[in-house]
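Asker: Supplied structure: coords21.cif, mmCIF, C-alpha atoms.
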data_target
#
loop_
_atom_site.group_PDB
_atom_site.id
_atom_site.type_symbol
_atom_site.label_atom_id
_atom_site.label_comp_id
_atom_site.auth_asym_id
_atom_site.auth_seq_id
_atom_site.Cartn_x
_atom_site.Cartn_y
_atom_site.Cartn_z
ATOM 1 C CA MET A 178 94.611 96.474 -81.495
ATOM 2 C CA TYR A 179 95.636 92.816 -81.482
ATOM 3 C CA SER A 180 98.280 91.594 -79.038
ATOM 4 C CA ASN A 181 101.472 89.920 -80.230
ATOM 5 C CA ASP A 182 100.210 86.701 -78.645
ATOM 6 C CA ALA A 183 97.044 86.807 -80.768
ATOM 7 C CA LEU A 184 99.004 87.500 -83.933
ATOM 8 C CA ASN A 185 101.310 84.586 -83.184
ATOM 9 C CA SER A 186 98.536 82.149 -82.257
ATOM 10 C CA PRO A 187 98.225 78.860 -84.192
ATOM 11 C CA ILE A 188 95.012 80.041 -85.884
ATOM 12 C CA ALA A 189 96.534 83.349 -86.989
ATOM 13 C CA THR A 190 99.608 81.522 -88.251
ATOM 14 C CA GLN A 191 97.433 79.175 -90.328
ATOM 15 C CA VAL A 192 95.416 82.044 -91.797
ATOM 16 C CA ASN A 193 98.569 83.941 -92.725
ATOM 17 C CA ALA A 194 100.006 80.809 -94.317
ATOM 18 C CA MET A 195 96.845 80.341 -96.380
ATOM 19 C CA GLN A 196 96.984 83.928 -97.569
ATOM 20 C CA ASP A 197 100.626 83.621 -98.585
ATOM 21 C CA ASN A 198 100.508 80.173 -100.200
ATOM 22 C CA LYS A 199 99.362 79.075 -103.626
ATOM 23 C CA GLU A 200 95.715 78.573 -104.467
ATOM 24 C CA GLU A 201 95.796 74.818 -103.870
ATOM 25 C CA ASP A 202 96.395 75.454 -100.172
ATOM 26 C CA TYR A 203 93.020 77.172 -99.775
ATOM 27 C CA PRO A 204 89.962 75.120 -98.790
ATOM 28 C CA LEU A 205 89.018 72.974 -101.784
ATOM 29 C CA HIS A 206 85.631 74.605 -102.398
ATOM 30 C CA PHE A 207 87.106 78.110 -102.169
ATOM 31 C CA ALA A 208 89.844 77.264 -104.649
ATOM 32 C CA LYS A 209 87.323 75.826 -107.097
ATOM 33 C CA ASN A 210 84.774 78.626 -106.892
ATOM 34 C CA LYS A 211 85.595 81.685 -104.790
ATOM 35 C CA GLU A 212 82.271 83.423 -105.479
ATOM 36 C CA LYS A 213 80.044 80.519 -104.447
ATOM 37 C CA TYR A 214 82.186 79.623 -101.450
ATOM 38 C CA PHE A 215 81.094 82.616 -99.379
ATOM 39 C CA ILE A 216 77.483 82.291 -100.511
ATOM 40 C CA PHE A 217 76.993 78.616 -99.780
ATOM 41 C CA GLU A 218 79.664 77.550 -97.294
ATOM 42 C CA LEU A 219 77.265 77.687 -94.356
ATOM 43 C CA VAL A 220 77.277 75.836 -91.080
ATOM 44 C CA ILE A 221 76.181 72.220 -91.515
ATOM 45 C CA SER A 222 75.193 70.390 -88.363
ATOM 46 C CA ALA A 223 75.385 66.907 -89.879
ATOM 47 C CA SER A 224 78.781 65.407 -90.534
ATOM 48 C CA ILE A 225 80.011 64.861 -94.079
ATOM 49 C CA SER A 226 80.081 61.112 -93.451
ATOM 50 C CA GLU A 227 76.394 61.214 -92.436
ATOM 51 C CA LEU A 228 75.492 63.147 -95.589
ATOM 52 C CA GLU A 229 77.523 60.777 -97.768
ATOM 53 C CA ALA A 230 75.578 57.919 -96.199
ATOM 54 C CA VAL A 231 72.312 59.531 -97.289
ATOM 55 C CA LEU A 232 73.635 59.873 -100.818
ATOM 56 C CA ASN A 233 74.304 56.145 -100.945
ATOM 57 C CA ASP A 234 71.105 54.938 -99.277
ATOM 58 C CA ARG A 235 68.073 54.983 -101.598
ATOM 59 C CA ASP A 236 65.551 54.945 -98.744
ATOM 60 C CA LYS A 237 67.188 57.902 -97.016
ATOM 61 C CA LEU A 238 67.596 59.675 -100.336
ATOM 62 C CA ASN A 239 63.933 59.149 -101.148
ATOM 63 C CA LYS A 240 62.994 60.717 -97.809
ATOM 64 C CA GLN A 241 65.217 63.732 -98.512
ATOM 65 C CA PHE A 242 63.468 64.361 -101.822
ATOM 66 C CA GLU A 243 60.041 63.958 -100.250
ATOM 67 C CA ASN A 244 60.892 66.361 -97.429
ATOM 68 C CA SER A 245 62.355 68.939 -99.822
ATOM 69 C CA TYR A 246 58.831 69.833 -100.977
ATOM 70 C CA ALA A 247 58.070 71.102 -97.494
ATOM 71 C CA ILE A 248 61.340 72.877 -96.650
ATOM 72 C CA SER A 249 63.541 75.348 -98.503
ATOM 73 C CA GLU A 250 66.863 74.342 -96.948
ATOM 74 C CA SER A 251 68.493 71.439 -95.138
ATOM 75 C CA ASP A 252 71.936 70.049 -94.425
ATOM 76 C CA PHE A 253 71.561 67.621 -97.305
ATOM 77 C CA ILE A 254 70.446 70.282 -99.787
ATOM 78 C CA GLN A 255 73.448 72.416 -98.803
ATOM 79 C CA TYR A 256 75.685 69.394 -99.170
ATOM 80 C CA VAL A 257 74.414 68.635 -102.678
ATOM 81 C CA ARG A 258 74.620 72.270 -103.735
ATOM 82 C CA THR A 259 78.243 72.716 -102.669
ATOM 83 C CA HIS A 260 79.679 69.240 -103.299
ATOM 84 C CA GLN A 261 77.842 67.755 -106.286
ATOM 85 C CA TYR A 262 80.691 68.469 -108.694
ATOM 86 C CA GLU A 263 82.776 66.045 -106.573
ATOM 87 C CA PHE A 264 80.279 63.169 -106.687
ATOM 88 C CA ARG A 265 81.085 59.952 -108.486
ATOM 89 C CA PRO A 266 79.201 59.502 -111.805
ATOM 90 C CA GLU A 267 76.940 56.833 -110.329
ATOM 91 C CA GLU A 268 76.038 59.122 -107.405
ATOM 92 C CA SER A 269 75.225 62.003 -109.741
ATOM 93 C CA GLN A 270 73.079 59.679 -111.852
ATOM 94 C CA VAL A 271 71.068 58.477 -108.857
ATOM 95 C CA LEU A 272 70.435 62.076 -107.794
ATOM 96 C CA LEU A 273 69.323 63.005 -111.305
ATOM 97 C CA ASP A 274 67.020 59.982 -111.546
ATOM 98 C CA PHE A 275 65.376 60.926 -108.241
ATOM 99 C CA ALA A 276 65.033 64.577 -109.299
ATOM 100 C CA ILE A 277 63.344 63.664 -112.594
ATOM 101 C CA TYR A 278 61.101 61.125 -110.878
ATOM 102 C CA TYR A 279 59.914 63.629 -108.280
ATOM 103 C CA PHE A 280 59.399 66.389 -110.813
ATOM 104 C CA LYS A 281 57.210 64.064 -112.866
ATOM 105 C CA LYS A 282 55.334 62.958 -109.743
ATOM 106 C CA GLN A 283 54.712 66.465 -108.366
ATOM 107 C CA GLY A 284 54.710 68.587 -111.534
ATOM 108 C CA ILE A 285 56.838 71.236 -109.832
ATOM 109 C CA ASN A 286 60.316 71.609 -108.408
ATOM 110 C CA SER A 287 61.273 71.238 -104.794
ATOM 111 C CA SER A 288 64.265 72.970 -103.250
ATOM 112 C CA LEU A 289 66.301 69.808 -103.883
ATOM 113 C CA THR A 290 65.099 68.905 -107.384
ATOM 114 C CA ARG A 291 65.839 72.449 -108.530
ATOM 115 C CA VAL A 292 69.451 72.221 -107.315
ATOM 116 C CA VAL A 293 70.039 68.877 -109.033
ATOM 117 C CA ILE A 294 68.316 69.828 -112.303
ATOM 118 C CA SER A 295 70.070 73.192 -112.436
ATOM 119 C CA GLU A 296 73.481 71.579 -112.063
ATOM 120 C CA ASN A 297 72.711 69.050 -114.785
ATOM 121 C CA SER A 298 71.553 71.864 -117.079
ATOM 122 C CA ASN A 299 74.811 73.624 -116.351
ATOM 123 C CA GLN A 300 76.684 70.474 -117.348
ATOM 124 C CA ILE A 301 74.747 70.303 -120.625
ATOM 125 C CA MET A 302 75.411 73.958 -121.402
ATOM 126 C CA PRO A 303 77.140 76.213 -118.837
ATOM 127 C CA PHE A 304 75.129 79.231 -117.751
ATOM 128 C CA LYS A 305 76.415 82.756 -118.180
ATOM 129 C CA ILE A 306 78.286 83.902 -115.066
ATOM 130 C CA PRO A 307 77.087 87.291 -113.740
ATOM 131 C CA HIS A 308 79.788 89.825 -112.956
ATOM 132 C CA GLY A 309 77.649 92.719 -111.702
ATOM 133 C CA GLN A 310 76.068 95.732 -113.403
ATOM 134 C CA GLY A 311 74.644 93.616 -116.216
ATOM 135 C CA ALA A 312 78.009 92.131 -117.223
ATOM 136 C CA PHE A 313 78.429 88.397 -117.831
ATOM 137 C CA GLU A 314 81.304 86.020 -118.375
ATOM 138 C CA ILE A 315 80.574 83.597 -121.236
ATOM 139 C CA PRO A 316 81.881 80.072 -120.506
ATOM 140 C CA GLU A 317 84.014 78.584 -123.279
ATOM 141 C CA LYS A 318 81.487 75.856 -124.135
ATOM 142 C CA ARG A 319 78.844 78.529 -124.712
ATOM 143 C CA GLN A 320 80.977 80.870 -126.800
ATOM 144 C CA GLY A 321 80.116 81.245 -130.482
ATOM 145 C CA LYS A 322 76.649 79.704 -130.099
ATOM 146 C CA THR A 323 73.408 81.529 -130.826
ATOM 147 C CA ASP A 324 70.450 81.514 -128.431
ATOM 148 C CA GLU A 325 68.670 79.258 -130.924
ATOM 149 C CA GLN A 326 71.507 76.730 -130.895
ATOM 150 C CA ILE A 327 71.680 76.747 -127.104
ATOM 151 C CA ALA A 328 67.913 76.217 -126.833
ATOM 152 C CA ASN A 329 68.153 73.268 -129.224
ATOM 153 C CA ILE A 330 70.936 71.712 -127.156
ATOM 154 C CA TYR A 331 68.902 72.003 -123.949
ATOM 155 C CA PHE A 332 65.823 70.560 -125.646
ATOM 156 C CA ASP A 333 67.626 67.656 -127.303
ATOM 157 C CA GLU A 334 69.752 66.629 -124.332
ATOM 158 C CA TRP A 335 67.012 66.905 -121.724
ATOM 159 C CA SER A 336 64.489 65.180 -124.024
ATOM 160 C CA LYS A 337 66.722 62.115 -124.139
ATOM 161 C CA LEU A 338 66.493 61.904 -120.346
ATOM 162 C CA LEU A 339 62.800 62.772 -120.045
ATOM 163 C CA ASP A 340 61.755 60.340 -122.778
ATOM 164 C CA LYS A 341 63.338 57.514 -120.787
ATOM 165 C CA LYS A 342 61.010 58.443 -117.912
ATOM 166 C CA ASP A 343 57.924 58.542 -120.169
ATOM 167 C CA PHE A 344 57.249 62.264 -119.990
ATOM 168 C CA ASP A 345 54.457 63.270 -122.349
ATOM 169 C CA TYR A 346 54.889 66.568 -124.180
ATOM 170 C CA SER A 347 52.861 68.587 -121.677
ATOM 171 C CA GLU A 348 55.105 67.298 -118.886
ATOM 172 C CA LYS A 349 58.141 68.341 -120.911
ATOM 173 C CA ILE A 350 56.700 71.834 -121.267
ATOM 174 C CA ARG A 351 56.140 71.998 -117.516
ATOM 175 C CA PHE A 352 59.708 70.807 -116.923
ATOM 176 C CA PHE A 353 61.387 73.275 -119.300
ATOM 177 C CA ARG A 354 59.272 76.205 -118.101
ATOM 178 C CA ASN A 355 59.733 75.489 -114.375
ATOM 179 C CA ASN A 356 63.477 75.288 -114.858
ATOM 180 C CA TYR A 357 63.688 78.464 -116.950
ATOM 181 C CA LEU A 358 65.268 76.683 -119.897
ATOM 182 C CA LEU A 359 62.963 77.269 -122.885
ATOM 183 C CA SER A 360 60.189 79.642 -123.913
ATOM 184 C CA TYR A 361 56.657 78.617 -124.811
ATOM 185 C CA SER A 362 57.279 79.731 -128.401
ATOM 186 C CA LYS A 363 60.351 77.498 -128.661
ATOM 187 C CA LEU A 364 58.430 74.564 -127.216
ATOM 188 C CA ALA A 365 55.611 75.191 -129.685
ATOM 189 C CA SER A 366 58.064 75.032 -132.586
ATOM 190 C CA LYS A 367 59.329 71.661 -131.356
ATOM 191 C CA TYR A 368 55.905 69.977 -131.291
ATOM 192 C CA GLU A 369 55.265 68.295 -134.622
ATOM 193 C CA ASP A 370 51.458 68.040 -134.687
ATOM 194 C CA LEU A 371 50.382 71.379 -133.258
ATOM 195 C CA GLU A 372 47.424 71.884 -135.596
ATOM 196 C CA ASN A 373 45.743 68.731 -134.277
ATOM 197 C CA VAL A 374 46.638 69.184 -130.630
ATOM 198 C CA LEU A 375 43.129 70.226 -129.557
ATOM 199 C CA LYS A 376 41.762 66.904 -130.784
ATOM 200 C CA LYS A 377 44.200 65.035 -128.515
ATOM 201 C CA ILE A 378 44.139 67.407 -125.545
ATOM 202 C CA SER A 379 42.582 64.910 -123.113
ATOM 203 C CA PHE A 380 45.534 62.530 -123.458
ATOM 204 C CA PHE A 381 48.011 64.968 -121.905
ATOM 205 C CA THR A 382 48.843 65.246 -118.214
ATOM 206 C CA TYR A 383 48.726 69.058 -118.362
ATOM 207 C CA PRO A 384 46.286 69.973 -121.152
ATOM 208 C CA GLU A 385 46.602 73.681 -120.344
ATOM 209 C CA GLU A 386 50.253 73.573 -121.366
ATOM 210 C CA MET A 387 49.285 72.267 -124.791
ATOM 211 C CA ILE A 388 46.670 75.013 -125.173
ATOM 212 C CA LEU A 389 49.285 77.590 -124.257
ATOM 213 C CA ILE A 390 51.752 76.503 -126.937
ATOM 214 C CA TYR A 391 48.889 76.274 -129.447
ATOM 215 C CA LEU A 392 47.773 79.829 -128.652
ATOM 216 C CA GLY A 393 51.350 81.047 -128.671
ATOM 217 C CA SER A 394 51.923 79.645 -132.151
ATOM 218 C CA LYS A 395 49.027 81.793 -133.358
ATOM 219 C CA ASP A 396 49.944 84.873 -131.311
ATOM 220 C CA GLN A 397 46.603 84.662 -129.491
ATOM 221 C CA TRP A 398 47.560 84.351 -125.825
ATOM 222 C CA TYR A 399 45.583 87.394 -124.636
ATOM 223 C CA LYS A 400 43.377 87.864 -127.704
ATOM 224 C CA PHE A 401 40.278 86.150 -126.349
ATOM 225 C CA ASP A 402 38.028 87.556 -129.094
ATOM 226 C CA GLU A 403 40.034 85.628 -131.698
ATOM 227 C CA TRP A 404 39.774 82.215 -130.048
ATOM 228 C CA THR A 405 37.820 79.545 -131.931
ATOM 229 C CA GLN A 406 35.107 77.481 -130.261
ATOM 230 C CA ASP A 407 37.241 74.335 -130.142
ATOM 231 C CA ILE A 408 39.620 76.151 -127.770
ATOM 232 C CA TRP A 409 36.767 77.034 -125.414
ATOM 233 C CA ASP A 410 35.423 73.464 -125.668
ATOM 234 C CA ALA A 411 38.807 72.049 -124.656
ATOM 235 C CA ILE A 412 38.985 74.362 -121.628
ATOM 236 C CA GLY A 413 35.480 73.233 -120.684
ATOM 237 C CA ASP A 414 36.836 69.774 -119.887
ATOM 238 C CA PHE A 415 39.648 70.967 -117.599
ATOM 239 C CA GLU A 416 40.060 69.860 -114.013
ATOM 240 C CA GLU A 417 40.318 72.596 -111.384
ATOM 241 C CA THR A 418 44.126 72.702 -111.090
ATOM 242 C CA ASN A 419 44.549 72.819 -114.876
ATOM 243 C CA PHE A 420 41.962 75.565 -115.206
ATOM 244 C CA LYS A 421 43.496 77.720 -112.492
ATOM 245 C CA HIS A 422 46.980 77.341 -113.953
ATOM 246 C CA LEU A 423 45.680 78.434 -117.359
ATOM 247 C CA CYS A 424 43.964 81.474 -115.837
ATOM 248 C CA SER A 425 47.053 82.583 -113.950
ATOM 249 C CA THR A 426 49.340 82.096 -116.949
ATOM 250 C CA LEU A 427 46.970 84.082 -119.183
ATOM 251 C CA ASN A 428 47.027 86.963 -116.679
ATOM 252 C CA VAL A 429 43.347 86.640 -115.748
ATOM 253 C CA GLN A 430 44.026 86.004 -112.072
ATOM 254 C CA SER A 431 43.627 89.006 -109.801
ATOM 255 C CA ILE A 432 46.902 90.644 -108.776
ATOM 256 C CA GLN A 433 45.370 91.791 -105.492
ATOM 257 C CA VAL A 434 45.634 89.728 -102.314
ATOM 258 C CA HIS A 435 42.544 87.586 -101.725
ATOM 259 C CA SER A 436 41.826 84.758 -99.334
ATOM 260 C CA ASN A 437 40.987 82.457 -102.264
ATOM 261 C CA PHE A 438 41.951 82.120 -105.918
ATOM 262 C CA THR A 439 40.243 85.065 -107.616
ATOM 263 C CA LEU A 440 39.903 86.237 -111.205
ATOM 264 C CA ALA A 441 39.566 89.858 -112.310
ATOM 265 C CA ARG A 442 37.549 91.617 -114.984
ATOM 266 C CA LYS A 443 40.587 93.748 -115.797
ATOM 267 C CA THR A 444 44.255 93.105 -115.135
ATOM 268 C CA PRO A 445 47.415 95.084 -115.884
ATOM 269 C CA SER A 446 48.337 94.279 -119.463
ATOM 270 C CA VAL A 447 51.474 92.249 -120.127
ATOM 271 C CA GLU A 448 51.795 93.766 -123.588
ATOM 272 C CA ASN A 449 50.846 97.389 -122.855
ATOM 273 C CA LEU A 450 51.150 98.823 -119.335
ATOM 274 C CA TYR A 451 48.927 101.777 -120.237
ATOM 275 C CA ASN A 452 46.067 99.677 -121.591
ATOM 276 C CA PRO A 453 44.573 97.199 -119.072
ATOM 277 C CA GLN A 454 43.818 93.681 -120.240
ATOM 278 C CA LYS A 455 40.055 93.242 -120.529
ATOM 279 C CA ASN A 456 38.936 89.779 -119.513
ATOM 280 C CA LYS A 457 35.179 90.065 -120.090
ATOM 281 C CA LYS A 458 35.072 87.661 -123.051
ATOM 282 C CA TYR A 459 37.223 85.096 -121.272
ATOM 283 C CA LEU A 460 35.114 85.190 -118.102
ATOM 284 C CA GLU A 461 31.904 84.842 -120.106
ATOM 285 C CA LYS A 462 33.142 81.853 -122.092
ATOM 286 C CA VAL A 463 34.424 79.967 -119.030
ATOM 287 C CA SER A 464 31.592 80.968 -116.705
ATOM 288 C CA LYS A 465 30.545 77.340 -116.185
ATOM 289 C CA LYS A 466 34.032 76.439 -114.946
ATOM 290 C CA ILE A 467 34.104 79.482 -112.670
ATOM 291 C CA LYS A 468 30.798 78.427 -111.132
ATOM 292 C CA GLU A 469 31.828 74.760 -110.931
ATOM 293 C CA PHE A 470 34.968 75.564 -108.954
ATOM 294 C CA GLY A 471 33.422 78.349 -106.853
ATOM 295 C CA ILE A 472 35.873 80.980 -108.094
ATOM 296 C CA GLU A 473 35.247 84.622 -107.276
ATOM 297 C CA ILE A 474 35.601 87.535 -109.693
ATOM 298 C CA ALA A 475 36.878 90.921 -108.582
ATOM 299 C CA ASP A 476 36.517 94.428 -110.012
ATOM 300 C CA GLU A 477 39.949 96.002 -110.209
#
Could I get this file's structure written as structure tokens?

Answerer:
Amino acid sequence: MYSNDALNSPIATQVNAMQDNKEEDYPLHFAKNKEKYFIFELVISASISELEAVLNDRDKLNKQFENSYAISESDFIQYVRTHQYEFRPEESQVLLDFAIYYFKKQGINSSLTRVVISENSNQIMPFKIPHGQGAFEIPEKRQGKTDEQIANIYFDEWSKLLDKKDFDYSEKIRFFRNNYLLSYSKLASKYEDLENVLKKISFFTYPEEMILIYLGSKDQWYKFDEWTQDIWDAIGDFEETNFKHLCSTLNVQSIQVHSNFTLARKTPSVENLYNPQKNKKYLEKVSKKIKEFGIEIADE
């Protein structure tokens, strides 16, 4: 039981007043988004003025983006996540420029780039809002649009930004896939010279991404017996990171825990759970790369 003194304390009086008053009297972030408030309104040790200073200092901002590849959370990441809809346009633009720059530089998201890119995607086309048990609220801007139309909007609007930063098409694929925006099949349909892509494969930053959309356009992702020799020849020129990414995406990597990157002669099929994917042909055709990179093969 609470005493009368506790119930009449200044804090209790303020809480009661908040509960009784109109929505604008609640904390700003709660009033704007009640669901996210309780998820993200965590304790921040740095002051808001200190975090605002980072936002307006390019050297400090650069350091925050660099550090975000090594950590999953920080005061600044929390600050951006919960306050970015309040930023001035020029502040939002600087954040976006840094996020695109670092994604291009690293080829993957950090905890900070993901937050910034996700919010910009949401500005381009608002995401569905989950309401539990598979139910979603459809934002007004999204209503009446097909999945195809939404995919085209994401592609067109983001391409304008990525083209300014000189992303080649393989980098665009990496960007759209890492940010869960577009499928490989959609990205294949957007590339205008797919039939000749194998001839130009060496000019792309991530040649494996171009192979993947090429295979996808022919419905040959896991059908190793149907691959033509020019596909195998292109893979033969891959660097180690490109080769390993291709193997993992094509479901040839072992699903068991190993101390090193390991491939498997059979893996659970993506297309048919009751019929394991047989990787014998793939492993035979890329045996030189496996030996070159010292990759082990497991029986599973």

Asker: As a check of understanding, name the residues that the PyMOL selection byres ((chain A and resi 467) around 12) selects in the supplied structure, as a list in words.

Answerer: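 With the PyMOL selection byres ((chain A and resi 467) around 12) on this model, the match is Ile412, Gly413, Phe415, Glu416, Glu417, Phe420, Lys421, Cys424, Gln430, Phe438, Thr439, Leu440, Ala441, Tyr459, Leu460, Glu461, Lys462, Val463, Ser464, Lys465, Lys466, Lys468, Glu469, Phe470, Gly471, Ile472, Glu473 and Ile474 of chain A.
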
Asker: Neighbours of Lys458 (chain A) within 12 Å (only C-alpha atoms; same-chain residues fewer than 6 positions away dropped), as a PyMOL selection string?

Answerer: chain A and resi 399-404+409+429+441-443+464

Asker: Give, as AutoDock Vina command-line options, the centre coordinates and the x, y and z edge lengths in Å to one decimal for an axis-aligned box around all listed atoms of region 426-437 of chain A, padded by 4 Å on each side.

Answerer:
--center_x 45.2 --center_y 86.9 --center_z -109.3 --size_x 16.4 --size_y 17.7 --size_z 27.8

Asker: In Å, with one decimal, what is the gap from CA of Asn355 (chain A) to CA of Ile285 (chain A)?

Answerer: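 Computing it gives 6.9 Å between the two atoms.
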
Asker: Find the distance between CA of Tyr262 (chain A) and CA of Val292 (chain A) and write it in Å to one decimal.

Answerer: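 Straight-line distance from CA of Tyr262 (chain A) to CA of Val292 (chain A) works out to 11.9 Å.
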
Asker: May I ask for the distance between CA of Ile432 (chain A) and CA of Asn452 (chain A), given in Å to one decimal place?

Answerer: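 Interatomic distance, CA of Ile432 (chain A) to CA of Asn452 (chain A): 15.7 Å.
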
Asker: My list of candidates is A:Asn356, A:Asn299, A:Ser425, A:Ser269. Which is closest to Thr444 (chain A) when distances are computed with all atoms listed in the file?

Answerer: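 Of A:Asn356, A:Asn299, A:Ser425, A:Ser269, the one nearest Thr444 (chain A), counting all atoms listed in the file, is A:Ser425.
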
Asker: Given the block above, output region 269-285 of chain A with N, CA and C atoms as a PDB file, in the first residue's frame.

Answerer:
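Okay, this is what ended up in out_10.pdb:
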ATOM      1  N   SER A 269      19.848  15.470 -41.680  1.00  0.00           N
ATOM      2  CA  SER A 269      19.436  14.177 -42.228  1.00  0.00           C
ATOM      3  C   SER A 269      20.233  13.834 -43.472  1.00  0.00           C
ATOM      4  N   GLN A 270      20.507  14.846 -44.303  1.00  0.00           N
ATOM      5  CA  GLN A 270      21.258  14.612 -45.537  1.00  0.00           C
ATOM      6  C   GLN A 270      22.695  14.202 -45.246  1.00  0.00           C
ATOM      7  N   VAL A 271      23.311  14.846 -44.271  1.00  0.00           N
ATOM      8  CA  VAL A 271      24.689  14.484 -43.902  1.00  0.00           C
ATOM      9  C   VAL A 271      24.736  13.040 -43.397  1.00  0.00           C
ATOM     10  N   LEU A 272      23.788  12.674 -42.541  1.00  0.00           N
ATOM     11  CA  LEU A 272      23.727  11.298 -42.056  1.00  0.00           C
ATOM     12  C   LEU A 272      23.576  10.310 -43.199  1.00  0.00           C
ATOM     13  N   LEU A 273      22.692  10.613 -44.136  1.00  0.00           N
ATOM     14  CA  LEU A 273      22.461   9.719 -45.270  1.00  0.00           C
ATOM     15  C   LEU A 273      23.710   9.609 -46.140  1.00  0.00           C
ATOM     16  N   ASP A 274      24.379  10.726 -46.378  1.00  0.00           N
ATOM     17  CA  ASP A 274      25.607  10.701 -47.178  1.00  0.00           C
ATOM     18  C   ASP A 274      26.666   9.818 -46.529  1.00  0.00           C
ATOM     19  N   PHE A 275      26.817   9.935 -45.206  1.00  0.00           N
ATOM     20  CA  PHE A 275      27.781   9.110 -44.485  1.00  0.00           C
ATOM     21  C   PHE A 275      27.385   7.627 -44.560  1.00  0.00           C
ATOM     22  N   ALA A 276      26.103   7.351 -44.393  1.00  0.00           N
ATOM     23  CA  ALA A 276      25.630   5.959 -44.418  1.00  0.00           C
ATOM     24  C   ALA A 276      25.892   5.323 -45.772  1.00  0.00           C
ATOM     25  N   ILE A 277      25.608   6.033 -46.854  1.00  0.00           N
ATOM     26  CA  ILE A 277      25.847   5.499 -48.197  1.00  0.00           C
ATOM     27  C   ILE A 277      27.344   5.332 -48.443  1.00  0.00           C
ATOM     28  N   TYR A 278      28.125   6.311 -48.017  1.00  0.00           N
ATOM     29  CA  TYR A 278      29.574   6.227 -48.191  1.00  0.00           C
ATOM     30  C   TYR A 278      30.142   4.992 -47.493  1.00  0.00           C
ATOM     31  N   TYR A 279      29.725   4.779 -46.246  1.00  0.00           N
ATOM     32  CA  TYR A 279      30.280   3.644 -45.497  1.00  0.00           C
ATOM     33  C   TYR A 279      29.766   2.310 -46.007  1.00  0.00           C
ATOM     34  N   PHE A 280      28.520   2.283 -46.495  1.00  0.00           N
ATOM     35  CA  PHE A 280      28.058   1.024 -47.077  1.00  0.00           C
ATOM     36  C   PHE A 280      28.879   0.694 -48.324  1.00  0.00           C
ATOM     37  N   LYS A 281      29.130   1.668 -49.148  1.00  0.00           N
ATOM     38  CA  LYS A 281      29.938   1.438 -50.349  1.00  0.00           C
ATOM     39  C   LYS A 281      31.356   0.993 -49.972  1.00  0.00           C
ATOM     40  N   LYS A 282      31.914   1.624 -48.955  1.00  0.00           N
ATOM     41  CA  LYS A 282      33.278   1.321 -48.525  1.00  0.00           C
ATOM     42  C   LYS A 282      33.395  -0.089 -47.952  1.00  0.00           C
ATOM     43  N   GLN A 283      32.413  -0.497 -47.127  1.00  0.00           N
ATOM     44  CA  GLN A 283      32.499  -1.770 -46.424  1.00  0.00           C
ATOM     45  C   GLN A 283      31.745  -2.906 -47.124  1.00  0.00           C
ATOM     46  N   GLY A 284      30.745  -2.566 -47.916  1.00  0.00           N
ATOM     47  CA  GLY A 284      29.958  -3.604 -48.596  1.00  0.00           C
ATOM     48  C   GLY A 284      28.926  -4.264 -47.719  1.00  0.00           C
ATOM     49  N   ILE A 285      28.792  -3.802 -46.498  1.00  0.00           N
ATOM     50  CA  ILE A 285      27.794  -4.327 -45.558  1.00  0.00           C
ATOM     51  C   ILE A 285      27.317  -3.175 -44.674  1.00  0.00           C
TER      52      ILE A 285
END
